[in-house]
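Reviewing the structure listed below.
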Amino acid sequence: VPQSQIAMLRQWIRKNARTIQRLQNSRRYLSVAPGSKNLDWDSLGFAYVPTDAMISYTYKDGKWSEPEVLTEPYFKLNAFSNILHYGQGVFEGLKAHCCADGKVRVFNSDMNWERMRNGAHRLGMPEVPLELFTEGVDFTVSKNIGYVPPYGHGGSLYLRPLLFGQGAQLGLGAAPEYTFAVMCAPVGAYYKSGLKAVKSLVIDEYDRAAPFGVGNVKCPGNYAADVRPAKEASEKGYPIALYLDAKERKYIEEFSTSNFIGINEKGNYVTPKSDSILPSTTNKVLMKLAPDLGMEVEERPVAFDELNNFSEVAACGTAVVLTPIESVTRGNETIEFQEISKLKALYEKVKALQVGEEEDTYGLTRVVE
């Protein structure tokens, strides 16, 4: 064989080393069947369950490293890392499902990548390339394939991509290094006996996010700020809190960890639009599907005074897709809503797409292979 061809082959192997490793890895782990860990699948909730491995990459000197497989759920961090002191980090949440045809599919990961990219830009962190994000997600699924709940149990493998600044950094500024990791845990059906409506309380004592702040970024601080208000609301008998805009306290922003959606008197799908609202990937999916179910989509500022015009209201997010809202209370006023019907049809369509019971003509799913 001519030396020139050998050199070309070596160059091709080096160039495609990451893809070759991914394919070898997939063949090795996908020989294990989904659900082979034999957990009590029907008893799973939305809580941490140990798995076999997570994937980690390091950004240093302007480039990303090759993936590292971590078999224990720990990071080794310098005590002066940005994530610990300045909260420089973003995370995502998405799911992989075992489908009716026996294949495992990841749902809607490109939207999660886009949101992480935007958040990284806002917090001054390097972008995780789409190829690397996808590889990390698929690696994590393939290495934990036995933890994907079998089809028919209503569960999924919840995936948590995470990007954060690390390394010795005393003053505020760019971190010496960044870590991108993907971890996972099997989770069960959030509602095991049908969608359950809950009561919501408007939070007037606290703000979730300020104009021109980071309310539209999925960063840890946004969630930490809700821990106390959510606890106080729960102690009053309200499982979910609703925030209004910080400037005027006139417009609906979002629920504690979920976007607000509703059906108004016209039968339209309505969701608030604001630069301080976190753009829910689930909400984007629902807005894409709504017209096919005869619903016009209105994404616009929604005044709190409009609530009386809504027949159905729900909170939407990755963990549950939809949480129906029975009522919203603010002070001495309580506004009640009907049982969801139009929103339930959307919920059922999303669930069918996730597990392959309906053909995905929207390009939302990807087979892990």
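Note on naming: chains are A, B, ... as they come in the structure tokens, residues start from 1 per chain, ligands start from 1 in the order shown.
All residues of range 47-106 of chain A that DSSP, run on the backbone, classes as strand (DSSP E or B) are Met54, Ile55, Ser56, Tyr57, Thr58, Tyr59, Lys60, Lys63, Trp64, Glu68, Val69, Leu70, Gly89, Val90, Phe91, Leu94, Lys95, Ala96, His97, Cys98, Val104, Arg105 and Val106 of chain A.
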Test item: residues at most 8 Å from Cys99 in chain A, only C-alpha atoms, excluding those fewer than 5 positions along its chain, as JSON, numbers by chain: {"A": [104, 105, 151, 354, 355, 356, 357]}
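Residue nearest Phe255 in chain A, chosen from A:Leu278, A:Ala210, A:Val321, A:Leu132 and counting only C-alpha atoms: A:Leu278.
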Any idea what's packed within 10 Å of Ala79 in chain A, counting only C-alpha atoms, ignoring anything in its chain fewer than 2 positions away? Could you give it as a list in words?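 Neighbouring residues, sequence-local ones excluded: Lys76, Leu77, Ser81, Asn82, Ile83, Leu84, His85, Gln166, Gly167, Ala168, Gln169 and Leu170 of chain A.
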May I have the residues from that selection written out with all heavy atoms, as a CSV table (one decimal), in the first residue's frame?
```csv
chain,number,residue,atom,x,y,z
A,76,LYS,N,-14.1,16.8,40.9
A,76,LYS,CA,-13.0,17.3,41.7
A,76,LYS,C,-12.9,18.8,41.3
A,76,LYS,O,-12.5,19.1,40.2
A,76,LYS,CB,-11.8,16.5,41.4
A,76,LYS,CG,-10.6,17.0,42.3
A,76,LYS,CD,-9.4,16.1,42.1
A,76,LYS,CE,-8.3,16.5,43.0
A,76,LYS,NZ,-7.0,15.7,42.8
A,77,LEU,N,-13.2,19.7,42.2
A,77,LEU,CA,-13.1,21.1,41.9
A,77,LEU,C,-12.2,21.9,42.8
A,77,LEU,O,-12.1,21.6,44.0
A,77,LEU,CB,-14.5,21.7,42.1
A,77,LEU,CG,-15.7,21.3,41.2
A,77,LEU,CD1,-16.9,22.0,41.6
A,77,LEU,CD2,-15.3,21.6,39.7
A,81,SER,N,-13.4,27.9,42.5
A,81,SER,CA,-14.1,27.8,41.2
A,81,SER,C,-15.2,28.8,41.1
A,81,SER,O,-16.0,29.0,42.1
A,81,SER,CB,-14.6,26.4,41.0
A,81,SER,OG,-13.5,25.5,40.8
A,82,ASN,N,-15.4,29.4,39.9
A,82,ASN,CA,-16.4,30.3,39.7
A,82,ASN,C,-17.8,29.8,40.0
A,82,ASN,O,-18.7,30.6,40.5
A,82,ASN,CB,-16.4,30.8,38.2
A,82,ASN,CG,-15.5,32.0,38.0
A,82,ASN,OD1,-14.8,32.4,38.8
A,82,ASN,ND2,-15.6,32.5,36.7
A,83,ILE,N,-18.1,28.6,39.7
A,83,ILE,CA,-19.4,28.0,40.0
A,83,ILE,C,-19.8,28.1,41.5
A,83,ILE,O,-20.9,28.3,41.8
A,83,ILE,CB,-19.6,26.6,39.5
A,83,ILE,CG1,-21.0,26.1,39.7
A,83,ILE,CG2,-18.6,25.7,40.1
A,83,ILE,CD1,-22.0,26.8,38.9
A,84,LEU,N,-18.8,27.9,42.3
A,84,LEU,CA,-19.0,27.9,43.8
A,84,LEU,C,-19.2,29.3,44.4
A,84,LEU,O,-20.0,29.5,45.3
A,84,LEU,CB,-17.9,27.2,44.5
A,84,LEU,CG,-17.6,25.8,44.1
A,84,LEU,CD1,-16.4,25.2,44.9
A,84,LEU,CD2,-18.9,24.9,44.4
A,85,HIS,N,-18.5,30.3,43.8
A,85,HIS,CA,-18.6,31.7,44.4
A,85,HIS,C,-19.4,32.6,43.6
A,85,HIS,O,-20.1,33.5,44.2
A,85,HIS,CB,-17.1,32.2,44.5
A,85,HIS,CG,-16.2,31.4,45.4
A,85,HIS,ND1,-16.0,31.7,46.7
A,85,HIS,CD2,-15.5,30.3,45.1
A,85,HIS,CE1,-15.2,30.8,47.2
A,85,HIS,NE2,-14.9,29.9,46.3
A,166,GLN,N,-14.7,26.5,36.3
A,166,GLN,CA,-14.0,25.9,37.4
A,166,GLN,C,-12.5,26.4,37.4
A,166,GLN,O,-12.1,27.0,36.4
A,166,GLN,CB,-14.1,24.4,37.4
A,166,GLN,CG,-13.4,23.8,36.2
A,166,GLN,CD,-13.0,22.3,36.4
A,166,GLN,OE1,-12.3,22.1,37.4
A,166,GLN,NE2,-13.4,21.4,35.6
A,167,GLY,N,-11.7,26.0,38.4
A,167,GLY,CA,-10.3,26.4,38.5
A,167,GLY,C,-10.2,27.6,39.4
A,167,GLY,O,-11.1,28.3,39.7
A,168,ALA,N,-8.9,27.8,39.8
A,168,ALA,CA,-8.6,28.8,40.8
A,168,ALA,C,-8.9,30.2,40.2
A,168,ALA,O,-8.2,30.6,39.3
A,168,ALA,CB,-7.2,28.7,41.2
A,169,GLN,N,-9.8,30.9,40.8
A,169,GLN,CA,-10.2,32.2,40.3
A,169,GLN,C,-10.8,33.0,41.5
A,169,GLN,O,-11.9,32.8,41.9
A,169,GLN,CB,-11.3,32.1,39.2
A,169,GLN,CG,-11.8,33.5,38.7
A,169,GLN,CD,-10.8,34.2,37.8
A,169,GLN,OE1,-9.9,33.5,37.2
A,169,GLN,NE2,-10.8,35.5,37.8
A,170,LEU,N,-9.9,34.0,42.0
A,170,LEU,CA,-10.4,34.7,43.2
A,170,LEU,C,-11.3,35.9,42.8
A,170,LEU,O,-12.3,36.1,43.3
A,170,LEU,CB,-9.2,35.2,43.9
A,170,LEU,CG,-9.5,36.0,45.2
A,170,LEU,CD1,-10.3,35.2,46.2
A,170,LEU,CD2,-8.2,36.5,45.9
```
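The neighbours of range 119-123 of chain A here are the residues that come within 10 Å of it, using only C-alpha atoms and leaving out any residue fewer than 5 positions away in the same chain; they are Gly87, Gln88, Gly89, Val90, Phe91, Trp113, Glu114, Val128, Leu163, Phe164, Gly165, Ala174, Gly213, Val214, Asn216, Val217, Lys218 and Cys219 of chain A.
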Report as number ranges by chain all protein, DNA and RNA residues lying within 12 Å of range 225-242 of chain A, evaluated on only C-alpha atoms, omitting residues in the same chain fewer than 2 positions from it. A: 196-209, 215, 219-223, 244-245, 249, 251-261, 304, 313-316, 323-330
Pairwise distance for CA of Gly154 in chain A and CA of Val367 in chain A, rounded to one decimal in Å: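 Atom-to-atom, CA of Gly154 in chain A to CA of Val367 in chain A, that is 18.2 Å.
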